[in-house]
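Q: My structure is below; once you've seen it, I'll send some questions.
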Amino acid sequence: MGLTAHVLAIDAGNSKTDVAIVTADGEVLSTARGGGFRPPAVGLDTAMTTLTHTVTQALSTAGLTTVDHVSACLANADFPVEEDRLAAALRARGWGTTVTVRNDTFAILRAGVTEPRGVAVVCGAGINCVGMRPDGRTARFPALGRVSGDWGGGWGLSEEALWHAARSEDGRGRATALAHTLPAHFGLSSMYALIEALHLGGIEQSRRHELTPVLFATAAHGDTVARAIVERQADEVVAMAVVALTRLELLDEPTPVLLGGGVLAAQHPQLNGMITGLLTDRAPKAAPQVVTASPVLGAALLGLDRVG
């Protein structure tokens with residue numbers, strides 16, 4: 001390391017990438033924002049090209065060409081073999097002397113704690129959970145959706161709401177106001193019309209995420225089915241947190257449990273209130289809190305942990 005160590009911090013999610021260049025004493029020299037990092041969708045080469053543009057911008061603004069350490073928290077780094085592959089791709093770019101790659105959920109966790117100790121549950125488009133201790137031990141889940149045992153997240157919640165609403169309208173399921181509130185969001189009069197629009201492309205599939213806030217609003221008005229979906233999401237969040245705390249032997253110690261991602265950061269009273277209540281029952285010493293800091297801060301802190 002030189003007299004002044006420099007860290008390149010990268011928080012690359014599916015929708016956007018934030019980059020920061022920081023010194024060992026925490027001074028931010030530059031920042032940059034770019035497009036999402038989605039190797040499974042566009043291929044690793046294309047994803048790295050997009051990332052390179054953002055990193056080059058930050059390095060240029062800071063007046064640097066390389067740094068001492070690259071701390072990258074990346075979406076789709078779900079298994080150690082994927083972390084190794086992505087770390088090799090970053091090393092090949094020559095941005096730093098050393099490179100560390102972690103799943104992007106670790107950035108949210110580190111952004112919310114004063115030391116690398118705690119558990120974070122992220123509920124955005126999907127759901128994920130990680131935990132860490134200062135001794136380097138971590139807890140994590142594959143977080144690949146239903147195939148890896150996960151339930152919920154914004155996409156899953158919208159799918160569940162659509163399922164119940166469709167069955168309510170055609171008589172196969174319990175009556176729920178979702179059968180009216182979901183299509184009404186798109187100016188439609190029935191679930192049949194909404195299903196047809198989604199199927200034929202009148203409404204882009206990507207817009208399904210807009211239905212998650214509708215679900216929460218319907219639950220807040222007392223709809224039994226909508227409330228049950230929200231309650232299950234709370235239970236899933238707490239189940240992941242408790243397992244991570246147990247694996248790290250932190251269940252009986254005061255430990256922060258960070259809540260992040262769009263669904264949890266929105267702080268819906270029913271969801272977040274129930275999470276707090278369930279944690280009180282199952283992990284009384286856990287201290288839940290919503291993370292509002294930018295995740296790239298977490299990537300930077302993880303890098304500063306590395307350079308001391």
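Residue names in the structure tokens use chain letters A, B, ... in the order shown, residue numbers from 1 in each chain, and ligand numbers from 1 in the order shown.
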Compile the contact shell of range 121-127 of chain A as number ranges by chain: residues with an atom at most 9 Å away, counting only C-alpha atoms, same-chain residues fewer than 6 positions apart removed.
A: A: 105, 108-109, 143-145, 150-156, 209, 237-238, 240-241, 257-265
Q: Skipping near chain neighbours, those fewer than 5 positions away, what residues fall within 10 Å of Ala12 in chain A using only C-alpha atoms, listed as a PDB file with all heavy atoms, in the first residue's frame?
A:
ATOM      1  N   THR A  17     -25.843   1.186 -10.845  1.00  0.00           N
ATOM      2  CA  THR A  17     -24.528   0.971 -10.247  1.00  0.00           C
ATOM      3  C   THR A  17     -24.024   2.285  -9.673  1.00  0.00           C
ATOM      4  O   THR A  17     -24.062   3.319 -10.348  1.00  0.00           O
ATOM      5  CB  THR A  17     -23.519   0.460 -11.295  1.00  0.00           C
ATOM      6  OG1 THR A  17     -23.925  -0.828 -11.746  1.00  0.00           O
ATOM      7  CG2 THR A  17     -22.118   0.369 -10.699  1.00  0.00           C
ATOM      8  N   ASP A  18     -23.563   2.249  -8.421  1.00  0.00           N
ATOM      9  CA  ASP A  18     -22.927   3.404  -7.803  1.00  0.00           C
ATOM     10  C   ASP A  18     -21.466   3.069  -7.520  1.00  0.00           C
ATOM     11  O   ASP A  18     -21.147   1.979  -7.030  1.00  0.00           O
ATOM     12  CB  ASP A  18     -23.628   3.777  -6.495  1.00  0.00           C
ATOM     13  CG  ASP A  18     -24.922   4.528  -6.730  1.00  0.00           C
ATOM     14  OD1 ASP A  18     -24.937   5.402  -7.619  1.00  0.00           O
ATOM     15  OD2 ASP A  18     -25.916   4.239  -6.050  1.00  0.00           O
ATOM     16  N   VAL A  19     -20.590   4.019  -7.818  1.00  0.00           N
ATOM     17  CA  VAL A  19     -19.154   3.849  -7.619  1.00  0.00           C
ATOM     18  C   VAL A  19     -18.628   5.034  -6.823  1.00  0.00           C
ATOM     19  O   VAL A  19     -19.083   6.171  -7.012  1.00  0.00           O
ATOM     20  CB  VAL A  19     -18.421   3.766  -8.978  1.00  0.00           C
ATOM     21  CG1 VAL A  19     -16.908   3.778  -8.786  1.00  0.00           C
ATOM     22  CG2 VAL A  19     -18.849   2.516  -9.729  1.00  0.00           C
ATOM     23  N   ARG A  33     -22.451   7.263 -11.197  1.00  0.00           N
ATOM     24  CA  ARG A  33     -23.596   6.355 -11.268  1.00  0.00           C
ATOM     25  C   ARG A  33     -23.775   5.895 -12.700  1.00  0.00           C
ATOM     26  O   ARG A  33     -23.641   6.675 -13.647  1.00  0.00           O
ATOM     27  CB  ARG A  33     -24.868   7.028 -10.771  1.00  0.00           C
ATOM     28  CG  ARG A  33     -26.130   6.187 -11.011  1.00  0.00           C
ATOM     29  CD  ARG A  33     -27.321   6.701 -10.245  1.00  0.00           C
ATOM     30  NE  ARG A  33     -27.197   6.404  -8.821  1.00  0.00           N
ATOM     31  CZ  ARG A  33     -28.167   6.609  -7.931  1.00  0.00           C
ATOM     32  NH1 ARG A  33     -29.318   7.145  -8.329  1.00  0.00           N
ATOM     33  NH2 ARG A  33     -27.985   6.304  -6.664  1.00  0.00           N
ATOM     34  N   GLY A  34     -24.078   4.597 -12.854  1.00  0.00           N
ATOM     35  CA  GLY A  34     -24.282   4.028 -14.186  1.00  0.00           C
ATOM     36  C   GLY A  34     -25.407   3.024 -14.202  1.00  0.00           C
ATOM     37  O   GLY A  34     -26.174   2.902 -13.235  1.00  0.00           O
ATOM     38  N   GLY A  35     -25.495   2.292 -15.289  1.00  0.00           N
ATOM     39  CA  GLY A  35     -26.568   1.329 -15.473  1.00  0.00           C
ATOM     40  C   GLY A  35     -26.408   0.095 -14.610  1.00  0.00           C
ATOM     41  O   GLY A  35     -25.402  -0.093 -13.927  1.00  0.00           O
ATOM     42  N   GLY A  36     -27.420  -0.759 -14.640  1.00  0.00           N
ATOM     43  CA  GLY A  36     -27.438  -1.964 -13.824  1.00  0.00           C
ATOM     44  C   GLY A  36     -26.399  -2.994 -14.259  1.00  0.00           C
ATOM     45  O   GLY A  36     -25.848  -2.937 -15.361  1.00  0.00           O
ATOM     46  N   PHE A  37     -26.133  -3.936 -13.349  1.00  0.00           N
ATOM     47  CA  PHE A  37     -25.140  -4.994 -13.577  1.00  0.00           C
ATOM     48  C   PHE A  37     -25.894  -6.318 -13.627  1.00  0.00           C
ATOM     49  O   PHE A  37     -26.301  -6.850 -12.595  1.00  0.00           O
ATOM     50  CB  PHE A  37     -24.109  -4.982 -12.447  1.00  0.00           C
ATOM     51  CG  PHE A  37     -22.960  -5.938 -12.653  1.00  0.00           C
ATOM     52  CD1 PHE A  37     -21.950  -5.641 -13.563  1.00  0.00           C
ATOM     53  CD2 PHE A  37     -22.878  -7.115 -11.933  1.00  0.00           C
ATOM     54  CE1 PHE A  37     -20.880  -6.502 -13.746  1.00  0.00           C
ATOM     55  CE2 PHE A  37     -21.821  -7.988 -12.109  1.00  0.00           C
ATOM     56  CZ  PHE A  37     -20.815  -7.677 -13.023  1.00  0.00           C
ATOM     57  N   ARG A  38     -26.093  -6.853 -14.858  1.00  0.00           N
ATOM     58  CA  ARG A  38     -26.944  -8.022 -15.022  1.00  0.00           C
ATOM     59  C   ARG A  38     -26.287  -9.070 -15.928  1.00  0.00           C
ATOM     60  O   ARG A  38     -26.764  -9.329 -17.040  1.00  0.00           O
ATOM     61  CB  ARG A  38     -28.295  -7.614 -15.602  1.00  0.00           C
ATOM     62  CG  ARG A  38     -29.062  -6.606 -14.747  1.00  0.00           C
ATOM     63  CD  ARG A  38     -30.424  -6.306 -15.349  1.00  0.00           C
ATOM     64  NE  ARG A  38     -30.303  -5.703 -16.657  1.00  0.00           N
ATOM     65  CZ  ARG A  38     -31.107  -5.968 -17.692  1.00  0.00           C
ATOM     66  NH1 ARG A  38     -32.068  -6.864 -17.570  1.00  0.00           N
ATOM     67  NH2 ARG A  38     -30.931  -5.352 -18.854  1.00  0.00           N
ATOM     68  N   LEU A  51     -20.124  -1.557 -16.628  1.00  0.00           N
ATOM     69  CA  LEU A  51     -19.469  -1.235 -15.364  1.00  0.00           C
ATOM     70  C   LEU A  51     -18.189  -0.438 -15.599  1.00  0.00           C
ATOM     71  O   LEU A  51     -17.891   0.514 -14.863  1.00  0.00           O
ATOM     72  CB  LEU A  51     -19.162  -2.522 -14.600  1.00  0.00           C
ATOM     73  CG  LEU A  51     -18.464  -2.371 -13.250  1.00  0.00           C
ATOM     74  CD1 LEU A  51     -19.317  -1.556 -12.285  1.00  0.00           C
ATOM     75  CD2 LEU A  51     -18.152  -3.742 -12.652  1.00  0.00           C
ATOM     76  N   ALA A  72     -16.054  -4.643  -4.282  1.00  0.00           N
ATOM     77  CA  ALA A  72     -17.209  -4.704  -5.174  1.00  0.00           C
ATOM     78  C   ALA A  72     -18.319  -5.560  -4.562  1.00  0.00           C
ATOM     79  O   ALA A  72     -18.100  -6.728  -4.242  1.00  0.00           O
ATOM     80  CB  ALA A  72     -16.804  -5.272  -6.524  1.00  0.00           C
ATOM     81  N   CYS A  73     -19.476  -4.955  -4.413  1.00  0.00           N
ATOM     82  CA  CYS A  73     -20.670  -5.671  -3.958  1.00  0.00           C
ATOM     83  C   CYS A  73     -21.611  -5.741  -5.153  1.00  0.00           C
ATOM     84  O   CYS A  73     -22.161  -4.720  -5.584  1.00  0.00           O
ATOM     85  CB  CYS A  73     -21.319  -4.945  -2.787  1.00  0.00           C
ATOM     86  SG  CYS A  73     -20.281  -4.915  -1.301  1.00  0.00           S
ATOM     87  N   LEU A  74     -21.791  -6.940  -5.692  1.00  0.00           N
ATOM     88  CA  LEU A  74     -22.418  -7.100  -6.996  1.00  0.00           C
ATOM     89  C   LEU A  74     -23.668  -7.964  -6.931  1.00  0.00           C
ATOM     90  O   LEU A  74     -23.691  -9.001  -6.246  1.00  0.00           O
ATOM     91  CB  LEU A  74     -21.428  -7.744  -7.984  1.00  0.00           C
ATOM     92  CG  LEU A  74     -20.053  -7.091  -8.103  1.00  0.00           C
ATOM     93  CD1 LEU A  74     -19.185  -7.895  -9.065  1.00  0.00           C
ATOM     94  CD2 LEU A  74     -20.174  -5.651  -8.565  1.00  0.00           C
ATOM     95  N   ALA A  75     -24.685  -7.545  -7.666  1.00  0.00           N
ATOM     96  CA  ALA A  75     -25.860  -8.384  -7.846  1.00  0.00           C
ATOM     97  C   ALA A  75     -25.455  -9.644  -8.611  1.00  0.00           C
ATOM     98  O   ALA A  75     -24.502  -9.636  -9.393  1.00  0.00           O
ATOM     99  CB  ALA A  75     -26.929  -7.627  -8.621  1.00  0.00           C
ATOM    100  N   ASN A  76     -26.168 -10.710  -8.365  1.00  0.00           N
ATOM    101  CA  ASN A  76     -25.970 -11.990  -9.056  1.00  0.00           C
ATOM    102  C   ASN A  76     -24.676 -12.702  -8.658  1.00  0.00           C
ATOM    103  O   ASN A  76     -24.276 -13.655  -9.324  1.00  0.00           O
ATOM    104  CB  ASN A  76     -26.015 -11.796 -10.577  1.00  0.00           C
ATOM    105  CG  ASN A  76     -27.289 -11.111 -11.041  1.00  0.00           C
ATOM    106  OD1 ASN A  76     -28.378 -11.655 -10.867  1.00  0.00           O
ATOM    107  ND2 ASN A  76     -27.180  -9.907 -11.581  1.00  0.00           N
ATOM    108  N   ASN A 103     -21.682 -10.456  -2.556  1.00  0.00           N
ATOM    109  CA  ASN A 103     -23.054 -10.179  -2.989  1.00  0.00           C
ATOM    110  C   ASN A 103     -23.449  -8.773  -2.557  1.00  0.00           C
ATOM    111  O   ASN A 103     -23.012  -8.287  -1.511  1.00  0.00           O
ATOM    112  CB  ASN A 103     -23.997 -11.215  -2.373  1.00  0.00           C
ATOM    113  CG  ASN A 103     -25.424 -11.021  -2.819  1.00  0.00           C
ATOM    114  OD1 ASN A 103     -26.184 -10.276  -2.204  1.00  0.00           O
ATOM    115  ND2 ASN A 103     -25.808 -11.692  -3.886  1.00  0.00           N
ATOM    116  N   ASP A 104     -24.289  -8.117  -3.349  1.00  0.00           N
ATOM    117  CA  ASP A 104     -24.615  -6.715  -3.051  1.00  0.00           C
ATOM    118  C   ASP A 104     -25.389  -6.539  -1.748  1.00  0.00           C
ATOM    119  O   ASP A 104     -25.445  -5.433  -1.206  1.00  0.00           O
ATOM    120  CB  ASP A 104     -25.366  -6.068  -4.210  1.00  0.00           C
ATOM    121  CG  ASP A 104     -26.645  -6.791  -4.594  1.00  0.00           C
ATOM    122  OD1 ASP A 104     -26.800  -7.979  -4.251  1.00  0.00           O
ATOM    123  OD2 ASP A 104     -27.495  -6.164  -5.259  1.00  0.00           O
ATOM    124  N   ALA A 107     -23.385  -5.002   1.060  1.00  0.00           N
ATOM    125  CA  ALA A 107     -23.211  -3.546   1.075  1.00  0.00           C
ATOM    126  C   ALA A 107     -24.267  -2.893   1.945  1.00  0.00           C
ATOM    127  O   ALA A 107     -23.989  -1.949   2.702  1.00  0.00           O
ATOM    128  CB  ALA A 107     -23.281  -2.994  -0.348  1.00  0.00           C
ATOM    129  N   PRO A 295     -26.142   2.084  -0.374  1.00  0.00           N
ATOM    130  CA  PRO A 295     -25.338   0.860  -0.221  1.00  0.00           C
ATOM    131  C   PRO A 295     -23.870   1.014  -0.618  1.00  0.00           C
ATOM    132  O   PRO A 295     -23.025   0.274  -0.118  1.00  0.00           O
ATOM    133  CB  PRO A 295     -26.059  -0.133  -1.147  1.00  0.00           C
ATOM    134  CG  PRO A 295     -27.468   0.346  -1.186  1.00  0.00           C
ATOM    135  CD  PRO A 295     -27.361   1.849  -1.160  1.00  0.00           C
ATOM    136  N   VAL A 296     -23.553   1.976  -1.509  1.00  0.00           N
ATOM    137  CA  VAL A 296     -22.149   2.131  -1.878  1.00  0.00           C
ATOM    138  C   VAL A 296     -21.316   2.521  -0.665  1.00  0.00           C
ATOM    139  O   VAL A 296     -20.107   2.245  -0.612  1.00  0.00           O
ATOM    140  CB  VAL A 296     -21.994   3.155  -3.026  1.00  0.00           C
ATOM    141  CG1 VAL A 296     -22.182   4.592  -2.549  1.00  0.00           C
ATOM    142  CG2 VAL A 296     -20.636   2.987  -3.710  1.00  0.00           C
ATOM    143  N   ALA A 299     -20.117  -0.728   0.639  1.00  0.00           N
ATOM    144  CA  ALA A 299     -19.003  -1.255  -0.150  1.00  0.00           C
ATOM    145  C   ALA A 299     -17.709  -0.533   0.209  1.00  0.00           C
ATOM    146  O   ALA A 299     -16.639  -1.145   0.304  1.00  0.00           O
ATOM    147  CB  ALA A 299     -19.306  -1.110  -1.639  1.00  0.00           C
TER     148      ALA A 299
END
Q: Taking the DSSP assignment computed from this structure's backbone, write out as a ChimeraX atom specification all residues of range 148-182 of chain A that belong to helix (DSSP H, G or I).
A: /A:148,153-170,178-182
Q: Got time to write the residues from that selection, N, CA and C atoms, as a PDB file, in the first residue's frame?
A:
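Contents of selection-v8.pdb, freshly written:
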ATOM      1  N   SER A 148     -34.688 -21.953  -4.522  1.00  0.00           N
ATOM      2  CA  SER A 148     -33.823 -22.021  -3.344  1.00  0.00           C
ATOM      3  C   SER A 148     -34.610 -21.772  -2.053  1.00  0.00           C
ATOM      4  N   GLY A 153     -40.564 -10.732  -1.836  1.00  0.00           N
ATOM      5  CA  GLY A 153     -39.931  -9.678  -2.608  1.00  0.00           C
ATOM      6  C   GLY A 153     -40.993  -9.019  -3.468  1.00  0.00           C
ATOM      7  N   GLY A 154     -40.677  -7.865  -4.030  1.00  0.00           N
ATOM      8  CA  GLY A 154     -41.670  -7.116  -4.784  1.00  0.00           C
ATOM      9  C   GLY A 154     -42.299  -7.901  -5.916  1.00  0.00           C
ATOM     10  N   TRP A 155     -41.460  -8.635  -6.667  1.00  0.00           N
ATOM     11  CA  TRP A 155     -41.988  -9.407  -7.787  1.00  0.00           C
ATOM     12  C   TRP A 155     -42.880 -10.541  -7.285  1.00  0.00           C
ATOM     13  N   GLY A 156     -42.425 -11.240  -6.263  1.00  0.00           N
ATOM     14  CA  GLY A 156     -43.213 -12.343  -5.718  1.00  0.00           C
ATOM     15  C   GLY A 156     -44.515 -11.871  -5.101  1.00  0.00           C
ATOM     16  N   LEU A 157     -44.487 -10.727  -4.423  1.00  0.00           N
ATOM     17  CA  LEU A 157     -45.701 -10.191  -3.827  1.00  0.00           C
ATOM     18  C   LEU A 157     -46.723  -9.818  -4.891  1.00  0.00           C
ATOM     19  N   SER A 158     -46.279  -9.211  -5.984  1.00  0.00           N
ATOM     20  CA  SER A 158     -47.212  -8.850  -7.054  1.00  0.00           C
ATOM     21  C   SER A 158     -47.808 -10.098  -7.692  1.00  0.00           C
ATOM     22  N   GLU A 159     -46.986 -11.135  -7.846  1.00  0.00           N
ATOM     23  CA  GLU A 159     -47.481 -12.392  -8.411  1.00  0.00           C
ATOM     24  C   GLU A 159     -48.524 -13.031  -7.504  1.00  0.00           C
ATOM     25  N   GLU A 160     -48.251 -13.011  -6.201  1.00  0.00           N
ATOM     26  CA  GLU A 160     -49.200 -13.592  -5.241  1.00  0.00           C
ATOM     27  C   GLU A 160     -50.508 -12.803  -5.244  1.00  0.00           C
ATOM     28  N   ALA A 161     -50.407 -11.476  -5.307  1.00  0.00           N
ATOM     29  CA  ALA A 161     -51.617 -10.641  -5.337  1.00  0.00           C
ATOM     30  C   ALA A 161     -52.439 -10.930  -6.583  1.00  0.00           C
ATOM     31  N   LEU A 162     -51.785 -11.059  -7.732  1.00  0.00           N
ATOM     32  CA  LEU A 162     -52.490 -11.374  -8.974  1.00  0.00           C
ATOM     33  C   LEU A 162     -53.181 -12.727  -8.886  1.00  0.00           C
ATOM     34  N   TRP A 163     -52.522 -13.696  -8.316  1.00  0.00           N
ATOM     35  CA  TRP A 163     -53.072 -15.056  -8.183  1.00  0.00           C
ATOM     36  C   TRP A 163     -54.369 -15.035  -7.379  1.00  0.00           C
ATOM     37  N   HIS A 164     -54.327 -14.386  -6.227  1.00  0.00           N
ATOM     38  CA  HIS A 164     -55.524 -14.327  -5.374  1.00  0.00           C
ATOM     39  C   HIS A 164     -56.630 -13.508  -6.031  1.00  0.00           C
ATOM     40  N   ALA A 165     -56.253 -12.420  -6.705  1.00  0.00           N
ATOM     41  CA  ALA A 165     -57.265 -11.576  -7.336  1.00  0.00           C
ATOM     42  C   ALA A 165     -57.969 -12.301  -8.472  1.00  0.00           C
ATOM     43  N   ALA A 166     -57.194 -13.042  -9.280  1.00  0.00           N
ATOM     44  CA  ALA A 166     -57.787 -13.792 -10.389  1.00  0.00           C
ATOM     45  C   ALA A 166     -58.776 -14.835  -9.870  1.00  0.00           C
ATOM     46  N   ARG A 167     -58.407 -15.546  -8.811  1.00  0.00           N
ATOM     47  CA  ARG A 167     -59.270 -16.595  -8.259  1.00  0.00           C
ATOM     48  C   ARG A 167     -60.494 -16.003  -7.550  1.00  0.00           C
ATOM     49  N   SER A 168     -60.317 -14.807  -7.024  1.00  0.00           N
ATOM     50  CA  SER A 168     -61.468 -14.137  -6.413  1.00  0.00           C
ATOM     51  C   SER A 168     -62.507 -13.796  -7.477  1.00  0.00           C
ATOM     52  N   GLU A 169     -62.040 -13.259  -8.585  1.00  0.00           N
ATOM     53  CA  GLU A 169     -62.975 -12.828  -9.623  1.00  0.00           C
ATOM     54  C   GLU A 169     -63.700 -13.999 -10.281  1.00  0.00           C
ATOM     55  N   ASP A 170     -62.980 -15.115 -10.519  1.00  0.00           N
ATOM     56  CA  ASP A 170     -63.644 -16.210 -11.239  1.00  0.00           C
ATOM     57  C   ASP A 170     -64.317 -17.224 -10.316  1.00  0.00           C
ATOM     58  N   LEU A 178     -58.585  -7.024  -3.906  1.00  0.00           N
ATOM     59  CA  LEU A 178     -57.510  -7.009  -4.895  1.00  0.00           C
ATOM     60  C   LEU A 178     -58.040  -7.212  -6.320  1.00  0.00           C
ATOM     61  N   ALA A 179     -59.158  -7.941  -6.424  1.00  0.00           N
ATOM     62  CA  ALA A 179     -59.759  -8.173  -7.740  1.00  0.00           C
ATOM     63  C   ALA A 179     -60.188  -6.864  -8.392  1.00  0.00           C
ATOM     64  N   HIS A 180     -60.357  -5.819  -7.594  1.00  0.00           N
ATOM     65  CA  HIS A 180     -60.745  -4.510  -8.126  1.00  0.00           C
ATOM     66  C   HIS A 180     -59.577  -3.532  -8.113  1.00  0.00           C
ATOM     67  N   THR A 181     -58.790  -3.548  -7.031  1.00  0.00           N
ATOM     68  CA  THR A 181     -57.727  -2.542  -6.904  1.00  0.00           C
ATOM     69  C   THR A 181     -56.568  -2.773  -7.871  1.00  0.00           C
ATOM     70  N   LEU A 182     -56.256  -4.042  -8.173  1.00  0.00           N
ATOM     71  CA  LEU A 182     -55.143  -4.301  -9.095  1.00  0.00           C
ATOM     72  C   LEU A 182     -55.461  -3.824 -10.517  1.00  0.00           C
TER      73      LEU A 182
END
Q: Considering only C-alpha atoms, can you say which of A:Val307, A:Ile10, A:Leu302, A:Leu211 comes closest to Pro116 in chain A?
A: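 Going through A:Val307, A:Ile10, A:Leu302, A:Leu211 one by one, the smallest distance to Pro116 in chain A is for A:Leu302.
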Q: Measuring between only C-alpha atoms, which one of A:Arg140, A:Lys285, A:Arg227, A:Arg117 shows the shortest distance to Asp78 in chain A?
A: A:Arg140
Q: As a PyMOL selection string, list the residues of range 67-273 of chain A assigned to strand (DSSP E) by DSSP on the backbone atoms of this structure.
A: chain A and resi 67-74+96-103+118-123+127-132+138-140+255-260
Q: Please identify all polymer residues within 7 Å of Ala244 in chain A, counting only C-alpha atoms, omitting same-chain residues fewer than 6 positions from it, and present them as a ChimeraX atom specification.
A: /A:119,130-131,139
Q: Pull all heavy atoms from the residues just selected and write them as a PDB file, in the first residue's frame.
A:
ATOM      1  N   VAL A 119     -26.857  -8.645  10.821  1.00  0.00           N
ATOM      2  CA  VAL A 119     -27.608  -9.378   9.802  1.00  0.00           C
ATOM      3  C   VAL A 119     -28.418  -8.366   9.004  1.00  0.00           C
ATOM      4  O   VAL A 119     -28.916  -7.382   9.563  1.00  0.00           O
ATOM      5  CB  VAL A 119     -28.546 -10.425  10.445  1.00  0.00           C
ATOM      6  CG1 VAL A 119     -29.563 -10.967   9.444  1.00  0.00           C
ATOM      7  CG2 VAL A 119     -27.728 -11.568  11.043  1.00  0.00           C
ATOM      8  N   VAL A 130     -28.102 -11.785   4.518  1.00  0.00           N
ATOM      9  CA  VAL A 130     -26.710 -12.118   4.810  1.00  0.00           C
ATOM     10  C   VAL A 130     -26.403 -11.681   6.233  1.00  0.00           C
ATOM     11  O   VAL A 130     -27.097 -10.845   6.821  1.00  0.00           O
ATOM     12  CB  VAL A 130     -25.720 -11.437   3.840  1.00  0.00           C
ATOM     13  CG1 VAL A 130     -25.961 -11.877   2.406  1.00  0.00           C
ATOM     14  CG2 VAL A 130     -25.791  -9.922   3.963  1.00  0.00           C
ATOM     15  N   GLY A 131     -25.342 -12.260   6.781  1.00  0.00           N
ATOM     16  CA  GLY A 131     -24.871 -11.855   8.095  1.00  0.00           C
ATOM     17  C   GLY A 131     -23.360 -11.945   8.136  1.00  0.00           C
ATOM     18  O   GLY A 131     -22.744 -12.661   7.338  1.00  0.00           O
ATOM     19  N   ALA A 139     -22.958 -15.571   7.017  1.00  0.00           N
ATOM     20  CA  ALA A 139     -24.119 -16.425   6.780  1.00  0.00           C
ATOM     21  C   ALA A 139     -24.825 -15.876   5.554  1.00  0.00           C
ATOM     22  O   ALA A 139     -24.919 -14.659   5.381  1.00  0.00           O
ATOM     23  CB  ALA A 139     -25.059 -16.411   7.980  1.00  0.00           C
TER      24      ALA A 139
END
Q: Here is a test: counting only C-alpha atoms, which residue of A:Thr212, A:Ala58, A:Pro40, A:Phe106 is nearest to Ala20 in chain A?
A: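 Smallest distance to Ala20 in chain A is found for A:Ala58.
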Q: One number please: CA of Thr61 in chain A to CA of Gly298 in chain A, in Å, one decimal.
A: 21.1 Å
Q: Nearest residue to Gly277 in chain A out of A:Ala41, A:Ala226, A:Leu250, A:Ala234, using only C-alpha atoms?
A: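 Distance minimum relative to Gly277 in chain A lands on A:Ala234.
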Q: Just the residues within 7 Å of range 81-89 of chain A, please, counting only C-alpha atoms, with nothing from its chain fewer than 5 positions along; format it as a compact mmCIF listing (two decimals) with C-alpha atoms, in the first residue's frame.
A:
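The resulting result.txt:
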# COMPACT_ATOMS: atom_id res chain seq x y z
CA VAL A 99 -10.03 -7.22 -5.37
CA THR A 100 -12.83 -8.47 -3.14
CA VAL A 101 -16.26 -9.41 -4.50
CA ARG A 102 -19.34 -9.96 -2.36
Q: Measuring atom to atom with only C-alpha atoms, identify which of A:Met132, A:Ala184, A:Val67, A:Ala283 is nearest to Val113 in chain A.
A: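 Distance minimum relative to Val113 in chain A lands on A:Met132.
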Q: If you measure from CA of Thr176 in chain A to CA of Thr224 in chain A, what distance in Å do you get, rounded to one decimal?
A: 7.2 Å
